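Contents: one structure, followed by commentary.
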Amino acid sequence: MGELIIAFSNWIWGPPILVLLLGGGTFFFIHSGFIPFTKMGHAIGLLRGKYDDDLAPGQITSRQALYSAIASTVGLGNISGVAIALNMGGPGAIFWMWIAAFVGMATKFYTCSLAIMYRGTDSAGVIQGGPMYVIDHGMGKKWKFLSYVFCIAGVIGLLAIFQANQLTAVIQAVLIEPDTMDETVRNRWIIGIIMMSLTAVVILGGIQRIAAVASKMVPFMVGIYFFTVLLIVFKYYEGIPEMFKLILVDAFTGNAVMGGAVGSVIIVGARRAAFSNEAGIGTAPMVHGQSKNKEPIREGLIAMLGPFIDTVIVCTLTALAILLTGVWQTTENDGVKLTLAAFEMGIPVVGKYLLMVSVLVFALSTMFTYSYYGHKCANYLFGADKADYYNYFYLITIVVGAVASLDVVVSLVDGMYAVMAFPNMIAALYLAPKVRAATKDYFSRMQKK
């Protein structure tokens, strides 16, 4: 079964999904008038809350929506995902992660604007937003099957199995050194059960509690991780120019990949960027669709900051820590263990503990938000009265993820992400003219104020 999952993931992450995410994102980037560059300042200004409207329909503020989205993206995708990218695609994969991030900003602008523009209601009459409702209300009944495809893949792909797996790995590597395989398995079960219990306390309180916790955890987790990685970067600062040169050269030569396959480097970069910032996958529109906001474009502008923070800033710092310490060439480690090796070399004695704290907070924050995404997909498929059962299924799979194989876990999540991307991107491309027209109208009105 595991081999089938890995084979499916490798197959679906071929040229079609690459064209869809990078090609579609490039279209949005140009179609919007290069909005990630031209309106970045306005987007940052919106975070001050000047235009917040507590009376607008929705459940959370736009700032809380952004923090919740970042809580799900600034996580193990940045710590472990970057390490996986370097292992599979070499330094050049980081360049293509940057490219994917900038076009991803445009993608998030479109998809999250549409999430407000085409909101719907669930079976309990509660206002909801997300790709499934955009398809329903923006594209019509003949496209409804895409909503089901998105939600079925979301119920599986948005499980926290990857986070559980990697958090368990780093806790064992730092705190516990089992002597036998039986001890390793037993410890994984114990850690998995503890993670499940911590997650249950938050997610059973609904989106308001998730958003409240995320808004407090995100600044803390980003701050401590920034501080730790910058210590490593400053220690090896003389090698920074050489590392950037290596990233750029390898991006177009593929020297770190067997056979110099540049196409493989691009695919790895796009795949890991999608896992890192989720642009085009359709998760962020589900939480931004709950914002108390009557202005779709305003929500889209706030949402597009996510990929910049996540991939351009945080992933780059992680990549520099791994590249500057040289552990990507000198160890057999993969995933979070490779990042752990960089921290141990860059900050002897305490580095591994600082990383463990970061991984703990990152993983838990992601687990909290993913539960909401999956719950929302279950709500659409089975109705509001049955959706809560998904939370219990979600909690059980955290324990499963803690004891499962990394290759299978990564492939299952990647495969379902790709399936989710097709309905989400098709809807965004189909409705792109609506977003462009609304953008012109919004900025025309802003100029008159």
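Residues are referred to by chain and number: the chain letter is A, B, ... according to the order shown in the structure tokens, the number counts from 1 in that chain, and ligands are numbered separately from 1 in the order shown.
Contact shell of Thr168 of chain A at 6 Å (only C-alpha atoms; same-chain neighbours under 3 positions omitted): A:Asn165, A:Ile171, A:Ala402.
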Please provide the set of residues having any atom within 12 Å of Gly205 of chain A, restricted to only C-alpha atoms, with same-chain residues fewer than 3 positions apart removed, written as a list of chain:residue names. A:Thr199, A:Ala200, A:Val201, A:Val202, A:Gln208, A:Arg209, A:Ile210, A:Ala211, A:Ala212, A:Val213, A:Phe368, A:Thr369, A:Ser371, A:Tyr372, A:Asp388, A:Asn391
Have a look at A:Ile135, A:Ala100, A:Ile193, A:Leu381 and name the one nearest to Met117 of chain A; count only C-alpha atoms. A:Ile135
Near Tyr389 of chain A, counting only C-alpha atoms, which residues have an atom at most 9 Å away, once you skip same-chain residues fewer than 5 positions from it, shown as number ranges by chain? A: 375, 378, 394
So that I have them on file, write out the residues from the current selection with C-alpha atoms, as a PDB file, in the first residue's frame.
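That gives us again-v5.pdb:
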ATOM      1  CA  HIS A 375     -13.644  19.837   9.405  1.00  0.00           C
ATOM      2  CA  ALA A 378     -16.384  17.255   6.086  1.00  0.00           C
ATOM      3  CA  TYR A 394      -8.474  13.632  12.877  1.00  0.00           C
TER       4      TYR A 394
END
From the options A:Phe145, A:Phe308, A:Tyr133, A:Tyr118, which residue's atoms come nearest to Lys434 of chain A, counting only C-alpha atoms? A:Tyr118
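Nearest-residue note for His137 of chain A: choosing from A:Leu18, A:Leu114, A:Leu429, A:Leu305, the minimum distance belongs to A:Leu114, counting only C-alpha atoms.
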Exercise: Trp98 of chain A partners within 7 Å, only C-alpha atoms, chain neighbours under 3 positions left out, as a PDB file with N, CA and C atoms, in the first residue's frame:
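Result file out_5.pdb:
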ATOM      1  N   ILE A  94      15.754  25.657  -3.978  1.00  0.00           N
ATOM      2  CA  ILE A  94      15.365  26.831  -3.183  1.00  0.00           C
ATOM      3  C   ILE A  94      14.986  27.995  -4.096  1.00  0.00           C
ATOM      4  N   PHE A  95      15.725  28.172  -5.195  1.00  0.00           N
ATOM      5  CA  PHE A  95      15.397  29.245  -6.141  1.00  0.00           C
ATOM      6  C   PHE A  95      13.981  29.064  -6.679  1.00  0.00           C
ATOM      7  N   ALA A 101       6.866  31.049  -4.710  1.00  0.00           N
ATOM      8  CA  ALA A 101       6.305  31.895  -3.655  1.00  0.00           C
ATOM      9  C   ALA A 101       5.731  33.194  -4.224  1.00  0.00           C
ATOM     10  N   PHE A 102       6.473  33.841  -5.130  1.00  0.00           N
ATOM     11  CA  PHE A 102       5.989  35.108  -5.678  1.00  0.00           C
ATOM     12  C   PHE A 102       4.750  34.922  -6.554  1.00  0.00           C
ATOM     13  N   THR A 311       7.602  31.485   2.722  1.00  0.00           N
ATOM     14  CA  THR A 311       8.615  30.883   1.842  1.00  0.00           C
ATOM     15  C   THR A 311       9.812  31.794   1.591  1.00  0.00           C
ATOM     16  N   VAL A 312       9.551  33.052   1.244  1.00  0.00           N
ATOM     17  CA  VAL A 312      10.664  33.948   0.907  1.00  0.00           C
ATOM     18  C   VAL A 312      11.524  34.235   2.137  1.00  0.00           C
TER      19      VAL A 312
END
Report the residues of segment 56-197 of chain A whose backbone DSSP state falls under helix (DSSP H, G or I), written as an MDAnalysis selection string. chainID A and resid 62:73 76:89 92:117 131:139 141:157 161:174 181:197
Residue contacts of Leu323 of chain A (9 Å, only C-alpha atoms) excluding same-chain residues fewer than 3 positions away, as a ChimeraX atom specification: /A:86,91,243,318-320,326-329,342
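The environment of Ile44 of chain A within 8 Å, counting only C-alpha atoms and disregarding residues fewer than 4 places along the same chain, consists of Met40, Arg48, Ile302 and Leu305 of chain A.
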Please, which residues of segment 89-264 of chain A, numbered as in this document, come out strand (DSSP E or B) from DSSP, as number ranges by chain? A: 120-121, 127-128
Writing out the chosen residues with N, CA and C atoms as a PDB file, in the first residue's frame:
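File selection05.pdb, as written:
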ATOM      1  N   GLY A 120     -20.960  31.102   0.854  1.00  0.00           N
ATOM      2  CA  GLY A 120     -22.231  30.386   0.910  1.00  0.00           C
ATOM      3  C   GLY A 120     -22.601  30.098   2.351  1.00  0.00           C
ATOM      4  N   THR A 121     -23.555  29.230   2.555  1.00  0.00           N
ATOM      5  CA  THR A 121     -23.948  28.810   3.894  1.00  0.00           C
ATOM      6  C   THR A 121     -23.967  27.287   3.961  1.00  0.00           C
ATOM      7  N   ILE A 127     -22.544  31.132   7.641  1.00  0.00           N
ATOM      8  CA  ILE A 127     -21.800  31.615   6.475  1.00  0.00           C
ATOM      9  C   ILE A 127     -20.448  30.916   6.392  1.00  0.00           C
ATOM     10  N   GLN A 128     -20.119  30.414   5.196  1.00  0.00           N
ATOM     11  CA  GLN A 128     -18.869  29.702   4.973  1.00  0.00           C
ATOM     12  C   GLN A 128     -18.209  30.196   3.690  1.00  0.00           C
TER      13      GLN A 128
END
Between A:Ile12, A:Val349, A:Met196, A:Ala65, which one has atoms that come closest to Met286 of chain A, using only C-alpha atoms? A:Ala65
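Comparing the minimum interatomic distances between Ile99 of chain A and each of A:Ser411, A:Thr26, A:Ser365, A:Thr38, counting only C-alpha atoms, we find that A:Thr26 sits nearest.
The two atoms in question, atom CA of Arg188 of chain A and atom CA of Val400 of chain A, are spaced 9.4 Å apart.
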